[in-house]
>>> print(open('target18.cif').read())   # mmCIF, N, CA, C and O atoms
data_coords
loop_
_atom_site.label_atom_id
_atom_site.label_comp_id
_atom_site.auth_asym_id
_atom_site.auth_seq_id
_atom_site.Cartn_x
_atom_site.Cartn_y
_atom_site.Cartn_z
N MET I 1 -1.90 43.73 19.89
CA MET I 1 -3.15 43.22 20.42
C MET I 1 -2.91 42.07 21.40
O MET I 1 -3.59 41.97 22.40
N LEU I 2 -1.95 41.21 21.09
CA LEU I 2 -1.68 40.08 21.98
C LEU I 2 -1.13 40.53 23.32
O LEU I 2 -1.24 39.81 24.31
N GLU I 3 -0.51 41.71 23.36
CA GLU I 3 0.01 42.21 24.62
C GLU I 3 -1.12 42.53 25.60
O GLU I 3 -0.98 42.41 26.81
N GLN I 4 -2.28 42.89 25.06
CA GLN I 4 -3.42 43.24 25.91
C GLN I 4 -4.12 41.98 26.44
O GLN I 4 -4.68 42.00 27.52
N TYR I 5 -4.10 40.89 25.66
CA TYR I 5 -4.79 39.66 26.05
C TYR I 5 -3.81 38.49 25.99
O TYR I 5 -3.78 37.72 25.03
N PRO I 6 -3.00 38.30 27.02
CA PRO I 6 -1.97 37.25 26.97
C PRO I 6 -2.53 35.82 26.99
O PRO I 6 -1.86 34.90 26.55
N PHE I 7 -3.74 35.64 27.46
CA PHE I 7 -4.31 34.29 27.54
C PHE I 7 -5.18 33.93 26.34
O PHE I 7 -5.71 32.83 26.26
N LEU I 8 -5.33 34.84 25.39
CA LEU I 8 -6.16 34.60 24.22
C LEU I 8 -5.72 33.38 23.40
O LEU I 8 -6.57 32.54 23.08
N PRO I 9 -4.44 33.20 23.10
CA PRO I 9 -4.04 32.00 22.34
C PRO I 9 -4.35 30.70 23.10
O PRO I 9 -4.77 29.72 22.50
N LEU I 10 -4.17 30.70 24.40
CA LEU I 10 -4.45 29.52 25.21
C LEU I 10 -5.95 29.19 25.18
O LEU I 10 -6.34 28.02 25.05
N ILE I 11 -6.77 30.20 25.28
CA ILE I 11 -8.23 30.00 25.23
C ILE I 11 -8.64 29.48 23.86
O ILE I 11 -9.47 28.57 23.75
N LEU I 12 -8.08 30.04 22.80
CA LEU I 12 -8.40 29.58 21.45
C LEU I 12 -8.00 28.13 21.23
O LEU I 12 -8.73 27.36 20.61
N ILE I 13 -6.85 27.73 21.76
CA ILE I 13 -6.41 26.33 21.65
C ILE I 13 -7.40 25.41 22.36
O ILE I 13 -7.75 24.35 21.85
N PHE I 14 -7.86 25.81 23.54
CA PHE I 14 -8.83 24.99 24.27
C PHE I 14 -10.15 24.87 23.50
O PHE I 14 -10.73 23.79 23.41
N VAL I 15 -10.63 25.97 22.94
CA VAL I 15 -11.89 25.94 22.18
C VAL I 15 -11.77 25.04 20.96
O VAL I 15 -12.66 24.22 20.69
N VAL I 16 -10.68 25.12 20.24
CA VAL I 16 -10.46 24.27 19.06
C VAL I 16 -10.37 22.81 19.48
O VAL I 16 -10.98 21.93 18.86
N ALA I 17 -9.66 22.51 20.56
CA ALA I 17 -9.54 21.13 21.04
C ALA I 17 -10.91 20.59 21.46
O ALA I 17 -11.22 19.43 21.20
N TYR I 18 -11.73 21.41 22.07
CA TYR I 18 -13.05 20.96 22.49
C TYR I 18 -13.90 20.58 21.28
O TYR I 18 -14.50 19.51 21.24
N PHE I 19 -13.95 21.44 20.27
CA PHE I 19 -14.83 21.19 19.12
C PHE I 19 -14.30 20.12 18.18
O PHE I 19 -15.08 19.47 17.48
N PHE I 20 -13.00 19.88 18.14
CA PHE I 20 -12.46 18.88 17.22
C PHE I 20 -12.11 17.56 17.86
O PHE I 20 -11.95 16.57 17.15
N MET I 21 -12.00 17.50 19.20
CA MET I 21 -11.62 16.24 19.84
C MET I 21 -12.60 15.80 20.93
O MET I 21 -13.07 14.67 20.91
N ILE I 22 -12.91 16.66 21.86
CA ILE I 22 -13.72 16.25 23.01
C ILE I 22 -15.18 16.04 22.62
O ILE I 22 -15.78 15.02 22.94
N ARG I 23 -15.77 16.99 21.94
CA ARG I 23 -17.20 16.91 21.58
C ARG I 23 -17.51 15.71 20.68
O ARG I 23 -18.48 14.99 20.94
N PRO I 24 -16.74 15.45 19.60
CA PRO I 24 -17.03 14.27 18.79
C PRO I 24 -16.90 12.95 19.56
O PRO I 24 -17.68 12.02 19.34
N GLN I 25 -15.93 12.88 20.49
CA GLN I 25 -15.77 11.67 21.29
C GLN I 25 -16.99 11.45 22.20
O GLN I 25 -17.45 10.33 22.35
N MET I 26 -17.51 12.51 22.78
CA MET I 26 -18.70 12.39 23.63
C MET I 26 -19.90 11.92 22.80
O MET I 26 -20.68 11.10 23.26
N LYS I 27 -20.05 12.44 21.60
CA LYS I 27 -21.15 12.04 20.72
C LYS I 27 -21.01 10.56 20.34
O LYS I 27 -21.99 9.81 20.35
N ARG I 28 -19.79 10.12 20.04
CA ARG I 28 -19.56 8.72 19.67
C ARG I 28 -19.91 7.79 20.83
O ARG I 28 -20.53 6.75 20.65
N GLN I 29 -19.52 8.17 22.05
CA GLN I 29 -19.84 7.35 23.22
C GLN I 29 -21.35 7.27 23.44
O GLN I 29 -21.88 6.22 23.77
N LYS I 30 -22.04 8.38 23.24
CA LYS I 30 -23.49 8.41 23.40
C LYS I 30 -24.16 7.50 22.37
O LYS I 30 -25.07 6.74 22.69
N ASP I 31 -23.68 7.54 21.12
CA ASP I 31 -24.24 6.70 20.07
C ASP I 31 -24.00 5.22 20.35
O ASP I 31 -24.89 4.38 20.13
N GLU I 32 -22.80 4.86 20.84
CA GLU I 32 -22.50 3.47 21.16
C GLU I 32 -23.38 2.95 22.30
O GLU I 32 -23.84 1.82 22.28
N LYS I 33 -23.61 3.79 23.30
CA LYS I 33 -24.46 3.40 24.43
C LYS I 33 -25.89 3.17 23.95
O LYS I 33 -26.53 2.19 24.33
N LYS I 34 -26.40 4.05 23.10
CA LYS I 34 -27.74 3.92 22.55
C LYS I 34 -27.84 2.64 21.71
O LYS I 34 -28.81 1.89 21.83
N PHE I 35 -26.83 2.36 20.89
CA PHE I 35 -26.81 1.16 20.06
C PHE I 35 -26.88 -0.11 20.91
O PHE I 35 -27.66 -1.01 20.63
N SER I 36 -26.08 -0.17 21.97
CA SER I 36 -26.06 -1.38 22.79
C SER I 36 -27.36 -1.57 23.56
O SER I 36 -27.76 -2.69 23.84
N LYS I 37 -28.06 -0.48 23.89
CA LYS I 37 -29.35 -0.61 24.58
C LYS I 37 -30.44 -1.08 23.62
O LYS I 37 -31.42 -1.69 24.04
N GLU I 38 -30.31 -0.78 22.32
CA GLU I 38 -31.34 -1.12 21.35
C GLU I 38 -31.21 -2.54 20.79
O GLU I 38 -32.04 -2.97 20.01
N LEU I 39 -30.16 -3.27 21.20
CA LEU I 39 -30.00 -4.64 20.72
C LEU I 39 -31.14 -5.52 21.22
O LEU I 39 -31.64 -5.33 22.32
N LYS I 40 -31.54 -6.47 20.39
CA LYS I 40 -32.63 -7.38 20.79
C LYS I 40 -32.34 -8.78 20.27
O LYS I 40 -31.46 -8.97 19.43
N LYS I 41 -33.07 -9.75 20.78
CA LYS I 41 -32.90 -11.14 20.35
C LYS I 41 -33.17 -11.25 18.86
O LYS I 41 -34.08 -10.63 18.32
N GLY I 42 -32.36 -12.05 18.20
CA GLY I 42 -32.53 -12.28 16.77
C GLY I 42 -31.72 -11.35 15.88
O GLY I 42 -31.62 -11.59 14.69
N ASP I 43 -31.13 -10.30 16.44
CA ASP I 43 -30.31 -9.38 15.63
C ASP I 43 -29.05 -10.10 15.17
O ASP I 43 -28.39 -10.79 15.94
N LYS I 44 -28.73 -9.93 13.90
CA LYS I 44 -27.47 -10.45 13.36
C LYS I 44 -26.43 -9.37 13.58
O LYS I 44 -26.64 -8.23 13.21
N ILE I 45 -25.31 -9.76 14.19
CA ILE I 45 -24.31 -8.77 14.60
C ILE I 45 -22.90 -9.18 14.18
O ILE I 45 -22.66 -10.31 13.77
N VAL I 46 -21.99 -8.22 14.30
CA VAL I 46 -20.56 -8.45 14.12
C VAL I 46 -19.87 -7.90 15.36
O VAL I 46 -20.15 -6.78 15.76
N THR I 47 -18.99 -8.69 15.95
CA THR I 47 -18.26 -8.20 17.12
C THR I 47 -17.07 -7.37 16.66
O THR I 47 -16.69 -7.40 15.49
N LYS I 48 -16.45 -6.66 17.59
CA LYS I 48 -15.29 -5.83 17.25
C LYS I 48 -14.10 -6.69 16.83
O LYS I 48 -13.21 -6.21 16.14
N SER I 49 -14.10 -7.96 17.21
CA SER I 49 -13.02 -8.86 16.79
C SER I 49 -13.31 -9.49 15.43
O SER I 49 -12.49 -10.23 14.91
N GLY I 50 -14.49 -9.20 14.84
CA GLY I 50 -14.82 -9.68 13.51
C GLY I 50 -15.63 -10.95 13.47
O GLY I 50 -15.78 -11.57 12.42
N MET I 51 -16.17 -11.39 14.60
CA MET I 51 -16.96 -12.61 14.64
C MET I 51 -18.43 -12.30 14.32
O MET I 51 -19.01 -11.40 14.91
N TYR I 52 -18.99 -13.05 13.38
CA TYR I 52 -20.39 -12.87 12.98
C TYR I 52 -21.26 -13.82 13.78
O TYR I 52 -20.86 -14.94 14.09
N GLY I 53 -22.49 -13.40 14.09
CA GLY I 53 -23.40 -14.26 14.82
C GLY I 53 -24.77 -13.63 14.97
O GLY I 53 -25.07 -12.58 14.41
N LYS I 54 -25.61 -14.32 15.74
CA LYS I 54 -26.97 -13.86 16.00
C LYS I 54 -27.20 -13.87 17.50
O LYS I 54 -26.81 -14.81 18.20
N ILE I 55 -27.82 -12.81 18.01
CA ILE I 55 -28.07 -12.71 19.45
C ILE I 55 -29.17 -13.69 19.84
O ILE I 55 -30.25 -13.69 19.26
N VAL I 56 -28.86 -14.53 20.83
CA VAL I 56 -29.80 -15.53 21.32
C VAL I 56 -30.44 -15.09 22.62
O VAL I 56 -31.62 -15.31 22.85
N ASP I 57 -29.64 -14.43 23.49
CA ASP I 57 -30.14 -14.03 24.80
C ASP I 57 -29.44 -12.76 25.25
O ASP I 57 -28.27 -12.55 24.94
N LEU I 58 -30.16 -11.92 25.97
CA LEU I 58 -29.61 -10.68 26.53
C LEU I 58 -29.74 -10.74 28.05
O LEU I 58 -30.79 -11.10 28.56
N ASN I 59 -28.67 -10.38 28.76
CA ASN I 59 -28.67 -10.38 30.21
C ASN I 59 -28.54 -8.93 30.69
O ASN I 59 -27.55 -8.28 30.41
N GLU I 60 -29.54 -8.46 31.41
CA GLU I 60 -29.53 -7.07 31.89
C GLU I 60 -28.69 -6.89 33.16
O GLU I 60 -28.25 -5.80 33.45
N LYS I 61 -28.45 -7.98 33.91
CA LYS I 61 -27.70 -7.87 35.17
C LYS I 61 -26.25 -7.48 34.93
O LYS I 61 -25.73 -6.58 35.56
N ASP I 62 -25.59 -8.20 34.03
CA ASP I 62 -24.17 -7.90 33.77
C ASP I 62 -23.95 -7.29 32.39
O ASP I 62 -22.82 -7.20 31.93
N PHE I 63 -25.02 -6.86 31.73
CA PHE I 63 -24.97 -6.17 30.44
C PHE I 63 -24.22 -6.99 29.40
O PHE I 63 -23.35 -6.51 28.69
N SER I 64 -24.55 -8.29 29.33
CA SER I 64 -23.91 -9.18 28.38
C SER I 64 -24.96 -9.78 27.46
O SER I 64 -26.15 -9.56 27.63
N CYS I 65 -24.50 -10.53 26.47
CA CYS I 65 -25.41 -11.22 25.57
C CYS I 65 -24.76 -12.53 25.14
O CYS I 65 -23.54 -12.68 25.18
N ILE I 66 -25.60 -13.46 24.73
CA ILE I 66 -25.12 -14.73 24.21
C ILE I 66 -25.32 -14.69 22.71
O ILE I 66 -26.42 -14.43 22.22
N VAL I 67 -24.23 -14.95 21.98
CA VAL I 67 -24.24 -14.88 20.52
C VAL I 67 -24.05 -16.29 19.98
O VAL I 67 -23.15 -17.01 20.40
N GLU I 68 -24.91 -16.66 19.03
CA GLU I 68 -24.80 -17.97 18.38
C GLU I 68 -24.00 -17.80 17.10
O GLU I 68 -24.35 -16.98 16.25
N THR I 69 -22.92 -18.56 16.98
CA THR I 69 -22.08 -18.53 15.80
C THR I 69 -22.07 -19.93 15.18
O THR I 69 -22.70 -20.85 15.70
N MET I 70 -21.34 -20.10 14.12
CA MET I 70 -21.21 -21.43 13.50
C MET I 70 -20.49 -22.39 14.44
O MET I 70 -20.69 -23.59 14.36
N ALA I 71 -19.67 -21.87 15.34
CA ALA I 71 -18.90 -22.71 16.26
C ALA I 71 -19.69 -23.05 17.52
O ALA I 71 -19.30 -23.93 18.27
N GLY I 72 -20.77 -22.35 17.79
CA GLY I 72 -21.55 -22.58 19.00
C GLY I 72 -22.00 -21.27 19.60
O GLY I 72 -22.02 -20.23 18.94
N ARG I 73 -22.36 -21.32 20.88
CA ARG I 73 -22.81 -20.11 21.58
C ARG I 73 -21.69 -19.55 22.44
O ARG I 73 -21.00 -20.29 23.15
N ILE I 74 -21.54 -18.22 22.38
CA ILE I 74 -20.47 -17.54 23.12
C ILE I 74 -21.07 -16.34 23.84
O ILE I 74 -21.91 -15.64 23.29
N LYS I 75 -20.62 -16.13 25.08
CA LYS I 75 -21.09 -14.99 25.86
C LYS I 75 -20.16 -13.80 25.63
O LYS I 75 -18.95 -13.93 25.75
N PHE I 76 -20.75 -12.65 25.29
CA PHE I 76 -19.99 -11.43 25.04
C PHE I 76 -20.54 -10.31 25.90
O PHE I 76 -21.73 -10.27 26.21
N ASP I 77 -19.69 -9.36 26.22
CA ASP I 77 -20.13 -8.10 26.79
C ASP I 77 -20.74 -7.30 25.64
O ASP I 77 -20.25 -7.35 24.52
N ARG I 78 -21.80 -6.56 25.89
CA ARG I 78 -22.45 -5.82 24.81
C ARG I 78 -21.54 -4.77 24.19
O ARG I 78 -21.70 -4.42 23.03
N SER I 79 -20.57 -4.29 24.94
CA SER I 79 -19.65 -3.29 24.38
C SER I 79 -18.72 -3.90 23.33
O SER I 79 -18.08 -3.17 22.59
N ALA I 80 -18.66 -5.23 23.24
CA ALA I 80 -17.82 -5.90 22.25
C ALA I 80 -18.50 -6.02 20.90
O ALA I 80 -17.89 -6.45 19.94
N ILE I 81 -19.76 -5.61 20.81
CA ILE I 81 -20.49 -5.71 19.55
C ILE I 81 -20.27 -4.45 18.74
O ILE I 81 -20.47 -3.34 19.21
N SER I 82 -19.84 -4.66 17.50
CA SER I 82 -19.48 -3.55 16.64
C SER I 82 -20.67 -2.97 15.89
O SER I 82 -20.88 -1.78 15.89
N MET I 83 -21.43 -3.83 15.22
CA MET I 83 -22.57 -3.32 14.45
C MET I 83 -23.63 -4.39 14.29
O MET I 83 -23.38 -5.57 14.43
N GLU I 84 -24.81 -3.94 14.00
CA GLU I 84 -25.96 -4.82 13.79
C GLU I 84 -26.13 -4.97 12.30
O GLU I 84 -26.19 -3.99 11.57
N MET I 85 -26.19 -6.22 11.82
CA MET I 85 -26.20 -6.48 10.38
C MET I 85 -27.59 -6.71 9.80
O MET I 85 -27.74 -6.65 8.59
N SER I 86 -28.62 -6.96 10.60
CA SER I 86 -29.95 -7.29 10.07
C SER I 86 -30.47 -6.19 9.15
O SER I 86 -30.94 -6.46 8.04
N LYS I 87 -30.40 -4.95 9.60
CA LYS I 87 -30.90 -3.84 8.79
C LYS I 87 -30.03 -3.63 7.56
O LYS I 87 -30.51 -3.32 6.49
N LYS I 88 -28.73 -3.82 7.72
CA LYS I 88 -27.81 -3.63 6.60
C LYS I 88 -28.02 -4.69 5.52
O LYS I 88 -27.96 -4.39 4.33
N LEU I 89 -28.28 -5.93 5.93
CA LEU I 89 -28.49 -7.00 4.96
C LEU I 89 -29.83 -6.86 4.24
O LEU I 89 -29.94 -7.23 3.08
N ASN I 90 -30.85 -6.35 4.93
CA ASN I 90 -32.19 -6.23 4.35
C ASN I 90 -32.42 -4.90 3.64
O ASN I 90 -33.47 -4.70 3.04
N ALA I 91 -31.47 -3.99 3.72
CA ALA I 91 -31.63 -2.67 3.11
C ALA I 91 -31.57 -2.78 1.59
O ALA I 91 -30.80 -3.57 1.05
N PRO I 92 -32.39 -2.00 0.87
CA PRO I 92 -32.33 -2.03 -0.60
C PRO I 92 -31.01 -1.42 -1.08
O PRO I 92 -30.45 -0.53 -0.44
N GLU I 93 -30.53 -1.92 -2.21
CA GLU I 93 -29.27 -1.43 -2.75
C GLU I 93 -29.44 -0.03 -3.32
O GLU I 93 -30.46 0.28 -3.93
N LYS I 94 -28.43 0.80 -3.11
CA LYS I 94 -28.44 2.16 -3.67
C LYS I 94 -27.75 2.12 -5.02
O LYS I 94 -26.73 1.46 -5.19
N LYS I 95 -28.31 2.84 -5.97
CA LYS I 95 -27.71 2.85 -7.33
C LYS I 95 -26.91 4.09 -7.55
O LYS I 95 -27.05 5.10 -7.01
#
>>> encode(input="target18.cif", output="structure tokens")
Amino acid sequence: MLEQYPFLPLILIFVVAYFFMIRPQMKRQKDEKKFSKELKKGDKIVTKSGMYGKIVDLNEKDFSCIVETMAGRIKFDRSAISMEMSKKLNAPEKK
């Protein structure tokens, strides 16, 4: 059967790579973009470097935000924010 379709294994490898690597990465990027657009003032966040803080100001021109921490205020790019903690902290505990 493989003699009749010499490119079949190559096509199958591409299809598997698409569904297991390319498609999930595209979905993750879409979710991260949506998350960064939904940020608002007052959200408690964690940066990718592990710094906790609260968003004080959002700048639409350069897509940055100012985060207030215990050390003071720091300007971050929105892509540096890992997760929003307000909903996680206020969520009821699961048993």
>>> closest_residue(input="target18.cif", among="I:Ile11, I:Arg73, I:Val67, I:Ile22", to="I:Ile45", atoms="only C-alpha atoms")
I:Val67
>>> select_by_dssp(input="target18.cif", residues="chain I", states="helix (DSSP H, G or I)", output="PyMOL selection string")
chain I and resi 8-37+78-80+86-90
>>> residues_around(input="target18.cif", residues="I:Gly42", least_positions_apart="2", cutoff="4.5 Å", atoms="only N, CA, C and O atoms", output="NGL selection string")
:I and (40 or 44 or 55)
>>> closest_residue(input="target18.cif", among="I:Ser79, I:Val46, I:Glu84, I:Leu10", to="I:Gln29", atoms="only C-alpha atoms")
I:Ser79
>>> atom_distance(input="target18.cif", atom1="atom C of I:Met51", atom2="atom N of I:Met26")
26.2 Å
>>> axis_aligned_box(input="target18.cif", around="stretch 21-34 of chain I", padding_each_side="4 Å", output="AutoDock Vina command-line options")
--center_x -20.2 --center_y 9.7 --center_z 21.6 --size_x 25.2 --size_y 23.7 --size_z 13.6
>>> closest_residue(input="target18.cif", among="I:Ile81, I:Ala17, I:Leu8, I:Gly72", to="I:Asp43", atoms="only C-alpha atoms")
I:Ile81
>>> residues_near_point(input="target18.cif", point="(-20.4, -13.5, 20.8)", cutoff="10 Å", atoms="only C-alpha atoms", output="list in words")
Ile45, Val46, Thr47, Lys48, Ser49, Gly50, Met51, Tyr52, Gly53, Lys54, Ile55, Val56, Ser64, Cys65, Ile66, Val67, Glu68, Thr69, Gly72, Arg73, Ile74, Lys75, Phe76, Asp77, Arg78, Ala80 and Ile81 of chain I
>>> atom_distance(input="target18.cif", atom1="atom CA of I:Val15", atom2="atom CA of I:Lys27")
16.8 Å
>>> atom_distance(input="target18.cif", atom1="atom CA of I:Met83", atom2="atom N of I:Phe19")
26.9 Å
>>> select_by_dssp(input="target18.cif", residues="chain I", states="strand (DSSP E or B)", output="list in words")
Lys44, Ile45, Val46, Thr47, Tyr52, Gly53, Lys54, Ile55, Val56, Asp57, Leu58, Asn59, Ser64, Cys65, Ile66, Val67, Glu68, Thr69, Gly72, Arg73, Ile74, Lys75, Phe76, Asp77, Ile81, Ser82, Met83 and Glu84 of chain I
>>> decode(input="target18.cif", residues="stretch 11-27 of chain I", atoms="N, CA and C atoms", output="PDB file, in the first residue's frame")
ATOM      1  N   ILE I  11       2.562  13.204   5.047  1.00  0.00           N
ATOM      2  CA  ILE I  11       1.309  13.930   5.289  1.00  0.00           C
ATOM      3  C   ILE I  11       0.787  13.620   6.688  1.00  0.00           C
ATOM      4  N   LEU I  12       0.843  12.355   7.089  1.00  0.00           N
ATOM      5  CA  LEU I  12       0.387  11.975   8.430  1.00  0.00           C
ATOM      6  C   LEU I  12       1.217  12.646   9.521  1.00  0.00           C
ATOM      7  N   ILE I  13       2.521  12.740   9.321  1.00  0.00           N
ATOM      8  CA  ILE I  13       3.393  13.415  10.292  1.00  0.00           C
ATOM      9  C   ILE I  13       3.001  14.885  10.412  1.00  0.00           C
ATOM     10  N   PHE I  14       2.725  15.543   9.288  1.00  0.00           N
ATOM     11  CA  PHE I  14       2.319  16.944   9.325  1.00  0.00           C
ATOM     12  C   PHE I  14       0.988  17.125  10.057  1.00  0.00           C
ATOM     13  N   VAL I  15       0.027  16.256   9.791  1.00  0.00           N
ATOM     14  CA  VAL I  15      -1.284  16.344  10.449  1.00  0.00           C
ATOM     15  C   VAL I  15      -1.150  16.153  11.958  1.00  0.00           C
ATOM     16  N   VAL I  16      -0.367  15.189  12.382  1.00  0.00           N
ATOM     17  CA  VAL I  16      -0.153  14.947  13.813  1.00  0.00           C
ATOM     18  C   VAL I  16       0.549  16.146  14.452  1.00  0.00           C
ATOM     19  N   ALA I  17       1.562  16.688  13.795  1.00  0.00           N
ATOM     20  CA  ALA I  17       2.273  17.857  14.320  1.00  0.00           C
ATOM     21  C   ALA I  17       1.335  19.053  14.439  1.00  0.00           C
ATOM     22  N   TYR I  18       0.455  19.233  13.484  1.00  0.00           N
ATOM     23  CA  TYR I  18      -0.482  20.355  13.541  1.00  0.00           C
ATOM     24  C   TYR I  18      -1.401  20.234  14.750  1.00  0.00           C
ATOM     25  N   PHE I  19      -2.001  19.068  14.952  1.00  0.00           N
ATOM     26  CA  PHE I  19      -2.978  18.909  16.033  1.00  0.00           C
ATOM     27  C   PHE I  19      -2.349  18.824  17.417  1.00  0.00           C
ATOM     28  N   PHE I  20      -1.099  18.402  17.531  1.00  0.00           N
ATOM     29  CA  PHE I  20      -0.485  18.277  18.844  1.00  0.00           C
ATOM     30  C   PHE I  20       0.465  19.402  19.206  1.00  0.00           C
ATOM     31  N   MET I  21       0.908  20.211  18.228  1.00  0.00           N
ATOM     32  CA  MET I  21       1.853  21.280  18.539  1.00  0.00           C
ATOM     33  C   MET I  21       1.392  22.655  18.063  1.00  0.00           C
ATOM     34  N   ILE I  22       1.032  22.783  16.821  1.00  0.00           N
ATOM     35  CA  ILE I  22       0.726  24.100  16.261  1.00  0.00           C
ATOM     36  C   ILE I  22      -0.611  24.631  16.770  1.00  0.00           C
ATOM     37  N   ARG I  23      -1.651  23.829  16.702  1.00  0.00           N
ATOM     38  CA  ARG I  23      -2.994  24.275  17.103  1.00  0.00           C
ATOM     39  C   ARG I  23      -3.070  24.660  18.586  1.00  0.00           C
ATOM     40  N   PRO I  24      -2.540  23.855  19.527  1.00  0.00           N
ATOM     41  CA  PRO I  24      -2.577  24.269  20.933  1.00  0.00           C
ATOM     42  C   PRO I  24      -1.800  25.560  21.199  1.00  0.00           C
ATOM     43  N   GLN I  25      -0.677  25.763  20.495  1.00  0.00           N
ATOM     44  CA  GLN I  25       0.092  26.991  20.670  1.00  0.00           C
ATOM     45  C   GLN I  25      -0.706  28.209  20.196  1.00  0.00           C
ATOM     46  N   MET I  26      -1.418  28.080  19.091  1.00  0.00           N
ATOM     47  CA  MET I  26      -2.238  29.185  18.594  1.00  0.00           C
ATOM     48  C   MET I  26      -3.353  29.507  19.590  1.00  0.00           C
ATOM     49  N   LYS I  27      -3.961  28.497  20.171  1.00  0.00           N
ATOM     50  CA  LYS I  27      -5.024  28.699  21.158  1.00  0.00           C
ATOM     51  C   LYS I  27      -4.468  29.397  22.403  1.00  0.00           C
TER      52      LYS I  27
END
